[in-house]
Amino acid sequence: PPEWDKARAVVAFDDASKQLVHLLKYRDQHEAGLAMARMMLGAGRSLLGHAEVILPVPLHRRRLWQRRFNQAAFLAQKIAAAKAVPWHADVLLRVEATSSQVGLDAKERRKNVRRAFVVPPEKRPVIEGKTVLLIDDVRTTGATANACAATLKKAGAARVFVLSFALVLEPARLHIE
């Protein structure tokens, strides 16, 4: 079973959703991110009602420098502002510069992110005993969300919910096409 307690996604990852994701992720089109965040507010209503803190799936500092921004943090900030829930980009950190998950199967993805995340001891009070809502743009196999949830629970989070914009319905097919 996954480490998270509940998970939701807005849409299946298909050509249309892929286009929105890529506009935000690779082309800095914030309008696409605003549309995604609005849709996530609707699909994540049941999760947002319980969230005490919102965290984005973090990027390693090198990847952040290359991309110039973290799309999950952009989405988390917009969702948190709309619901008046605190959000933090410095509680869950990616300390391992993992290789891109693109092209990896489920087992390889799990191995790739196994020890990638930490919660610094001084940040634990932000999540201890709380319900954390973890935000990401796409959930493929769930390996990243699972590693994040395990790290957050080990650091004291009571529950971890995952809200993604898109969900890949057949991860194995990504490697055939």
# chains A, B, ... in the order shown; residues from 1 in each chain; ligands from 1
call {"tool": "closest_atom_pairs", "arguments": {"of": "region 102-170 of chain A", "to": "region 78-98 of chain A", "cutoff": "10 Å", "atoms": "only C-alpha atoms", "output": "CSV"}}
result
residue,atom,partner,partner_atom,distance
A:Arg109,CA,A:Thr98,CA,9.8
A:Lys111,CA,A:Thr98,CA,9.9
A:Asn112,CA,A:Thr98,CA,6.2
A:Val113,CA,A:Thr98,CA,6.7
A:Arg114,CA,A:Glu96,CA,9.5
A:Arg115,CA,A:Glu96,CA,7.2
A:Ala116,CA,A:Glu96,CA,4.5
A:Phe117,CA,A:Arg94,CA,4.5
A:Val118,CA,A:Leu93,CA,5.3
A:Val119,CA,A:Leu92,CA,4.9
A:Pro120,CA,A:Val91,CA,6.9
A:Pro121,CA,A:Val91,CA,9.3
A:Glu122,CA,A:Val91,CA,8.9
A:Lys123,CA,A:Val91,CA,5.5
A:Arg124,CA,A:Val91,CA,7.5
A:Pro125,CA,A:Val91,CA,9.6
A:Val126,CA,A:Val91,CA,7.5
A:Ile127,CA,A:Val91,CA,8.3
A:Val132,CA,A:Trp87,CA,9.6
A:Leu133,CA,A:Trp87,CA,9.2
A:Leu134,CA,A:Leu92,CA,9.7
A:Ile135,CA,A:Ile79,CA,9.1
A:Cys148,CA,A:Leu92,CA,7.7
A:Ala149,CA,A:Leu92,CA,9.9
A:Thr151,CA,A:Leu92,CA,8.2
A:Leu152,CA,A:Leu92,CA,7.5
A:Ala155,CA,A:Leu92,CA,9.8
call {"tool": "write_last_selection", "arguments": {"atoms": "N, CA and C atoms", "output": "PDB file, in the first residue's frame"}}
result
ATOM      1  N   ARG A 109      11.995   3.902 -10.689  1.00  0.00           N
ATOM      2  CA  ARG A 109      11.559   5.168 -10.082  1.00  0.00           C
ATOM      3  C   ARG A 109      11.639   5.095  -8.559  1.00  0.00           C
ATOM      4  N   LYS A 111      13.539   3.178  -6.726  1.00  0.00           N
ATOM      5  CA  LYS A 111      14.958   3.154  -6.346  1.00  0.00           C
ATOM      6  C   LYS A 111      15.580   4.540  -6.504  1.00  0.00           C
ATOM      7  N   ASN A 112      15.208   5.244  -7.550  1.00  0.00           N
ATOM      8  CA  ASN A 112      15.765   6.555  -7.859  1.00  0.00           C
ATOM      9  C   ASN A 112      15.477   7.584  -6.758  1.00  0.00           C
ATOM     10  N   VAL A 113      14.312   7.504  -6.135  1.00  0.00           N
ATOM     11  CA  VAL A 113      13.921   8.527  -5.147  1.00  0.00           C
ATOM     12  C   VAL A 113      13.934   8.020  -3.699  1.00  0.00           C
ATOM     13  N   ARG A 114      14.411   6.814  -3.496  1.00  0.00           N
ATOM     14  CA  ARG A 114      14.340   6.175  -2.167  1.00  0.00           C
ATOM     15  C   ARG A 114      14.853   7.066  -1.034  1.00  0.00           C
ATOM     16  N   ARG A 115      15.987   7.689  -1.192  1.00  0.00           N
ATOM     17  CA  ARG A 115      16.569   8.511  -0.119  1.00  0.00           C
ATOM     18  C   ARG A 115      16.745   9.971  -0.556  1.00  0.00           C
ATOM     19  N   ALA A 116      15.885  10.399  -1.449  1.00  0.00           N
ATOM     20  CA  ALA A 116      16.049  11.727  -2.057  1.00  0.00           C
ATOM     21  C   ALA A 116      15.543  12.867  -1.182  1.00  0.00           C
ATOM     22  N   PHE A 117      14.651  12.586  -0.215  1.00  0.00           N
ATOM     23  CA  PHE A 117      13.968  13.654   0.512  1.00  0.00           C
ATOM     24  C   PHE A 117      14.279  13.644   2.006  1.00  0.00           C
ATOM     25  N   VAL A 118      14.273  14.834   2.606  1.00  0.00           N
ATOM     26  CA  VAL A 118      14.432  14.978   4.060  1.00  0.00           C
ATOM     27  C   VAL A 118      13.568  16.137   4.548  1.00  0.00           C
ATOM     28  N   VAL A 119      13.256  16.075   5.828  1.00  0.00           N
ATOM     29  CA  VAL A 119      12.671  17.205   6.548  1.00  0.00           C
ATOM     30  C   VAL A 119      13.719  17.610   7.574  1.00  0.00           C
ATOM     31  N   PRO A 120      14.298  18.813   7.448  1.00  0.00           N
ATOM     32  CA  PRO A 120      15.298  19.237   8.434  1.00  0.00           C
ATOM     33  C   PRO A 120      14.677  19.252   9.844  1.00  0.00           C
ATOM     34  N   PRO A 121      15.440  18.849  10.852  1.00  0.00           N
ATOM     35  CA  PRO A 121      14.894  18.781  12.214  1.00  0.00           C
ATOM     36  C   PRO A 121      14.218  20.070  12.680  1.00  0.00           C
ATOM     37  N   GLU A 122      14.764  21.218  12.304  1.00  0.00           N
ATOM     38  CA  GLU A 122      14.176  22.481  12.748  1.00  0.00           C
ATOM     39  C   GLU A 122      12.844  22.792  12.055  1.00  0.00           C
ATOM     40  N   LYS A 123      12.517  22.059  10.992  1.00  0.00           N
ATOM     41  CA  LYS A 123      11.254  22.271  10.263  1.00  0.00           C
ATOM     42  C   LYS A 123      10.161  21.288  10.695  1.00  0.00           C
ATOM     43  N   ARG A 124      10.515  20.304  11.493  1.00  0.00           N
ATOM     44  CA  ARG A 124       9.537  19.287  11.897  1.00  0.00           C
ATOM     45  C   ARG A 124       8.313  19.852  12.612  1.00  0.00           C
ATOM     46  N   PRO A 125       8.450  20.895  13.444  1.00  0.00           N
ATOM     47  CA  PRO A 125       7.252  21.432  14.099  1.00  0.00           C
ATOM     48  C   PRO A 125       6.170  21.915  13.125  1.00  0.00           C
ATOM     49  N   VAL A 126       6.546  22.245  11.912  1.00  0.00           N
ATOM     50  CA  VAL A 126       5.577  22.710  10.921  1.00  0.00           C
ATOM     51  C   VAL A 126       4.597  21.592  10.551  1.00  0.00           C
ATOM     52  N   ILE A 127       5.052  20.329  10.601  1.00  0.00           N
ATOM     53  CA  ILE A 127       4.209  19.214  10.158  1.00  0.00           C
ATOM     54  C   ILE A 127       3.827  18.230  11.259  1.00  0.00           C
ATOM     55  N   VAL A 132      -0.889  16.869   6.129  1.00  0.00           N
ATOM     56  CA  VAL A 132      -0.121  17.559   5.097  1.00  0.00           C
ATOM     57  C   VAL A 132      -0.727  17.250   3.732  1.00  0.00           C
ATOM     58  N   LEU A 133      -0.898  18.296   2.936  1.00  0.00           N
ATOM     59  CA  LEU A 133      -1.325  18.114   1.551  1.00  0.00           C
ATOM     60  C   LEU A 133      -0.105  18.325   0.668  1.00  0.00           C
ATOM     61  N   LEU A 134       0.296  17.275  -0.032  1.00  0.00           N
ATOM     62  CA  LEU A 134       1.451  17.302  -0.920  1.00  0.00           C
ATOM     63  C   LEU A 134       0.964  17.575  -2.341  1.00  0.00           C
ATOM     64  N   ILE A 135       1.558  18.572  -2.990  1.00  0.00           N
ATOM     65  CA  ILE A 135       1.121  18.993  -4.320  1.00  0.00           C
ATOM     66  C   ILE A 135       2.168  18.638  -5.375  1.00  0.00           C
ATOM     67  N   CYS A 148       8.073  10.911  -0.692  1.00  0.00           N
ATOM     68  CA  CYS A 148       7.783  12.144   0.056  1.00  0.00           C
ATOM     69  C   CYS A 148       6.900  11.844   1.271  1.00  0.00           C
ATOM     70  N   ALA A 149       5.842  11.074   1.062  1.00  0.00           N
ATOM     71  CA  ALA A 149       4.926  10.742   2.161  1.00  0.00           C
ATOM     72  C   ALA A 149       5.642   9.981   3.269  1.00  0.00           C
ATOM     73  N   THR A 151       8.801  10.116   4.044  1.00  0.00           N
ATOM     74  CA  THR A 151       9.686  11.073   4.714  1.00  0.00           C
ATOM     75  C   THR A 151       8.893  11.972   5.655  1.00  0.00           C
ATOM     76  N   LEU A 152       7.750  12.455   5.196  1.00  0.00           N
ATOM     77  CA  LEU A 152       6.915  13.341   6.017  1.00  0.00           C
ATOM     78  C   LEU A 152       6.376  12.612   7.251  1.00  0.00           C
ATOM     79  N   ALA A 155       8.966  12.117   9.813  1.00  0.00           N
ATOM     80  CA  ALA A 155       9.254  13.388  10.496  1.00  0.00           C
ATOM     81  C   ALA A 155       8.109  13.846  11.386  1.00  0.00           C
TER      82      ALA A 155
END
call {"tool": "closest_atom_pairs", "arguments": {"of": "region 1-22 of chain A", "to": "region 28-43 of chain A", "cutoff": "12 Å", "atoms": "only C-alpha atoms", "output": "Markdown table"}}
result
| residue | atom | partner | partner_atom | distance |
| --- | --- | --- | --- | --- |
| A:Ala7 | CA | A:Ala43 | CA | 10.4 |
| A:Arg8 | CA | A:Ala43 | CA | 7.0 |
| A:Ala9 | CA | A:Ala43 | CA | 6.7 |
| A:Val10 | CA | A:Ala43 | CA | 5.5 |
| A:Val11 | CA | A:Ala43 | CA | 9.0 |
| A:Ala16 | CA | A:Ala32 | CA | 11.7 |
| A:Ser17 | CA | A:Met36 | CA | 9.2 |
| A:Lys18 | CA | A:Ala32 | CA | 11.1 |
| A:Gln19 | CA | A:Ala32 | CA | 9.1 |
| A:Leu20 | CA | A:Ala32 | CA | 5.7 |
| A:Val21 | CA | A:Ala32 | CA | 7.5 |
| A:His22 | CA | A:Asp28 | CA | 8.7 |
call {"tool": "atom_distance", "arguments": {"atom1": "CA of Gln77 (chain A)", "atom2": "CA of Asp14 (chain A)"}}
result
24.9 Å
call {"tool": "closest_residue", "arguments": {"among": "A:Arg159, A:Lys153, A:Lys130, A:Arg139", "to": "Glu52 (chain A)", "atoms": "only C-alpha atoms"}}
result
A:Lys130
call {"tool": "select_by_dssp", "arguments": {"residues": "chain A", "states": "strand (DSSP E)", "output": "ChimeraX atom specification"}}
result
/A:6-12,53-56,93-94,117-118,131-139,159-167
call {"tool": "select_by_dssp", "arguments": {"residues": "chain A", "states": "alpha helix (DSSP H)", "output": "PyMOL selection string"}}
result
chain A and resi 15-27+30-43+45-48+61-67+71-83+106-113+124-127+143-154
call {"tool": "write_last_selection", "arguments": {"atoms": "C-alpha atoms", "output": "PDB file, in the first residue's frame"}}
result
ATOM      1  CA  ASP A  15      -2.329  14.847 -24.917  1.00  0.00           C
ATOM      2  CA  ALA A  16      -4.436  17.765 -23.637  1.00  0.00           C
ATOM      3  CA  SER A  17      -3.252  17.631 -20.026  1.00  0.00           C
ATOM      4  CA  LYS A  18       0.331  17.010 -21.149  1.00  0.00           C
ATOM      5  CA  GLN A  19       0.180  20.240 -23.120  1.00  0.00           C
ATOM      6  CA  LEU A  20      -0.919  22.224 -20.033  1.00  0.00           C
ATOM      7  CA  VAL A  21       1.714  20.589 -17.839  1.00  0.00           C
ATOM      8  CA  HIS A  22       4.480  21.292 -20.340  1.00  0.00           C
ATOM      9  CA  LEU A  23       3.397  24.917 -20.789  1.00  0.00           C
ATOM     10  CA  LEU A  24       3.893  25.470 -17.060  1.00  0.00           C
ATOM     11  CA  LYS A  25       6.856  23.169 -16.487  1.00  0.00           C
ATOM     12  CA  TYR A  26       9.049  23.940 -19.474  1.00  0.00           C
ATOM     13  CA  ARG A  27       7.756  27.189 -20.985  1.00  0.00           C
ATOM     14  CA  HIS A  30       1.923  30.797 -15.609  1.00  0.00           C
ATOM     15  CA  GLU A  31      -1.558  31.112 -17.103  1.00  0.00           C
ATOM     16  CA  ALA A  32      -1.508  27.349 -17.628  1.00  0.00           C
ATOM     17  CA  GLY A  33      -0.547  26.910 -13.972  1.00  0.00           C
ATOM     18  CA  LEU A  34      -3.379  29.157 -12.825  1.00  0.00           C
ATOM     19  CA  ALA A  35      -5.856  27.051 -14.800  1.00  0.00           C
ATOM     20  CA  MET A  36      -4.358  23.873 -13.351  1.00  0.00           C
ATOM     21  CA  ALA A  37      -4.556  25.246  -9.792  1.00  0.00           C
ATOM     22  CA  ARG A  38      -8.227  26.221 -10.242  1.00  0.00           C
ATOM     23  CA  MET A  39      -9.052  22.710 -11.415  1.00  0.00           C
ATOM     24  CA  MET A  40      -7.056  21.208  -8.536  1.00  0.00           C
ATOM     25  CA  LEU A  41      -9.093  23.274  -6.058  1.00  0.00           C
ATOM     26  CA  GLY A  42     -12.256  21.583  -7.307  1.00  0.00           C
ATOM     27  CA  ALA A  43     -10.909  18.040  -7.526  1.00  0.00           C
ATOM     28  CA  ARG A  45     -11.992  19.829  -2.232  1.00  0.00           C
ATOM     29  CA  SER A  46     -12.294  16.830   0.121  1.00  0.00           C
ATOM     30  CA  LEU A  47      -8.542  16.820   0.793  1.00  0.00           C
ATOM     31  CA  LEU A  48      -8.272  20.589   1.184  1.00  0.00           C
ATOM     32  CA  ARG A  61      18.609  22.860  -6.108  1.00  0.00           C
ATOM     33  CA  ARG A  62      20.427  22.072  -9.362  1.00  0.00           C
ATOM     34  CA  ARG A  63      17.187  21.214 -11.170  1.00  0.00           C
ATOM     35  CA  LEU A  64      15.567  24.305  -9.669  1.00  0.00           C
ATOM     36  CA  TRP A  65      18.424  26.425 -10.982  1.00  0.00           C
ATOM     37  CA  GLN A  66      18.093  24.873 -14.460  1.00  0.00           C
ATOM     38  CA  ARG A  67      14.303  25.312 -14.618  1.00  0.00           C
ATOM     39  CA  GLN A  71       5.990  24.070 -10.909  1.00  0.00           C
ATOM     40  CA  ALA A  72       4.700  22.142  -7.879  1.00  0.00           C
ATOM     41  CA  ALA A  73       5.580  25.099  -5.639  1.00  0.00           C
ATOM     42  CA  PHE A  74       3.737  27.438  -8.016  1.00  0.00           C
ATOM     43  CA  LEU A  75       0.628  25.229  -7.796  1.00  0.00           C
ATOM     44  CA  ALA A  76       0.955  24.827  -4.004  1.00  0.00           C
ATOM     45  CA  GLN A  77       1.212  28.582  -3.501  1.00  0.00           C
ATOM     46  CA  LYS A  78      -1.898  29.295  -5.588  1.00  0.00           C
ATOM     47  CA  ILE A  79      -3.935  26.554  -3.921  1.00  0.00           C
ATOM     48  CA  ALA A  80      -2.837  27.609  -0.420  1.00  0.00           C
ATOM     49  CA  ALA A  81      -3.698  31.247  -1.111  1.00  0.00           C
ATOM     50  CA  ALA A  82      -7.173  30.308  -2.365  1.00  0.00           C
ATOM     51  CA  LYS A  83      -7.896  28.231   0.757  1.00  0.00           C
ATOM     52  CA  ALA A 106       8.086   1.756 -11.532  1.00  0.00           C
ATOM     53  CA  LYS A 107      10.884  -0.208  -9.839  1.00  0.00           C
ATOM     54  CA  GLU A 108      13.574   2.120 -11.186  1.00  0.00           C
ATOM     55  CA  ARG A 109      11.559   5.168 -10.082  1.00  0.00           C
ATOM     56  CA  ARG A 110      11.230   3.830  -6.518  1.00  0.00           C
ATOM     57  CA  LYS A 111      14.958   3.154  -6.346  1.00  0.00           C
ATOM     58  CA  ASN A 112      15.765   6.555  -7.859  1.00  0.00           C
ATOM     59  CA  VAL A 113      13.921   8.527  -5.147  1.00  0.00           C
ATOM     60  CA  ARG A 124       9.537  19.287  11.897  1.00  0.00           C
ATOM     61  CA  PRO A 125       7.252  21.432  14.099  1.00  0.00           C
ATOM     62  CA  VAL A 126       5.577  22.710  10.921  1.00  0.00           C
ATOM     63  CA  ILE A 127       4.209  19.214  10.158  1.00  0.00           C
ATOM     64  CA  ALA A 143       7.164   6.597  -6.469  1.00  0.00           C
ATOM     65  CA  THR A 144       7.978  10.253  -5.788  1.00  0.00           C
ATOM     66  CA  ALA A 145       4.772  10.882  -3.826  1.00  0.00           C
ATOM     67  CA  ASN A 146       5.404   7.691  -1.859  1.00  0.00           C
ATOM     68  CA  ALA A 147       8.973   8.669  -0.969  1.00  0.00           C
ATOM     69  CA  CYS A 148       7.783  12.144   0.056  1.00  0.00           C
ATOM     70  CA  ALA A 149       4.926  10.742   2.161  1.00  0.00           C
ATOM     71  CA  ALA A 150       7.234   8.267   3.917  1.00  0.00           C
ATOM     72  CA  THR A 151       9.686  11.073   4.714  1.00  0.00           C
ATOM     73  CA  LEU A 152       6.915  13.341   6.017  1.00  0.00           C
ATOM     74  CA  LYS A 153       5.433  10.627   8.237  1.00  0.00           C
ATOM     75  CA  LYS A 154       8.859   9.704   9.591  1.00  0.00           C
TER      76      LYS A 154
END
call {"tool": "atom_distance", "arguments": {"atom1": "CA of Trp4 (chain A)", "atom2": "CA of Phe69 (chain A)"}}
result
25.4 Å
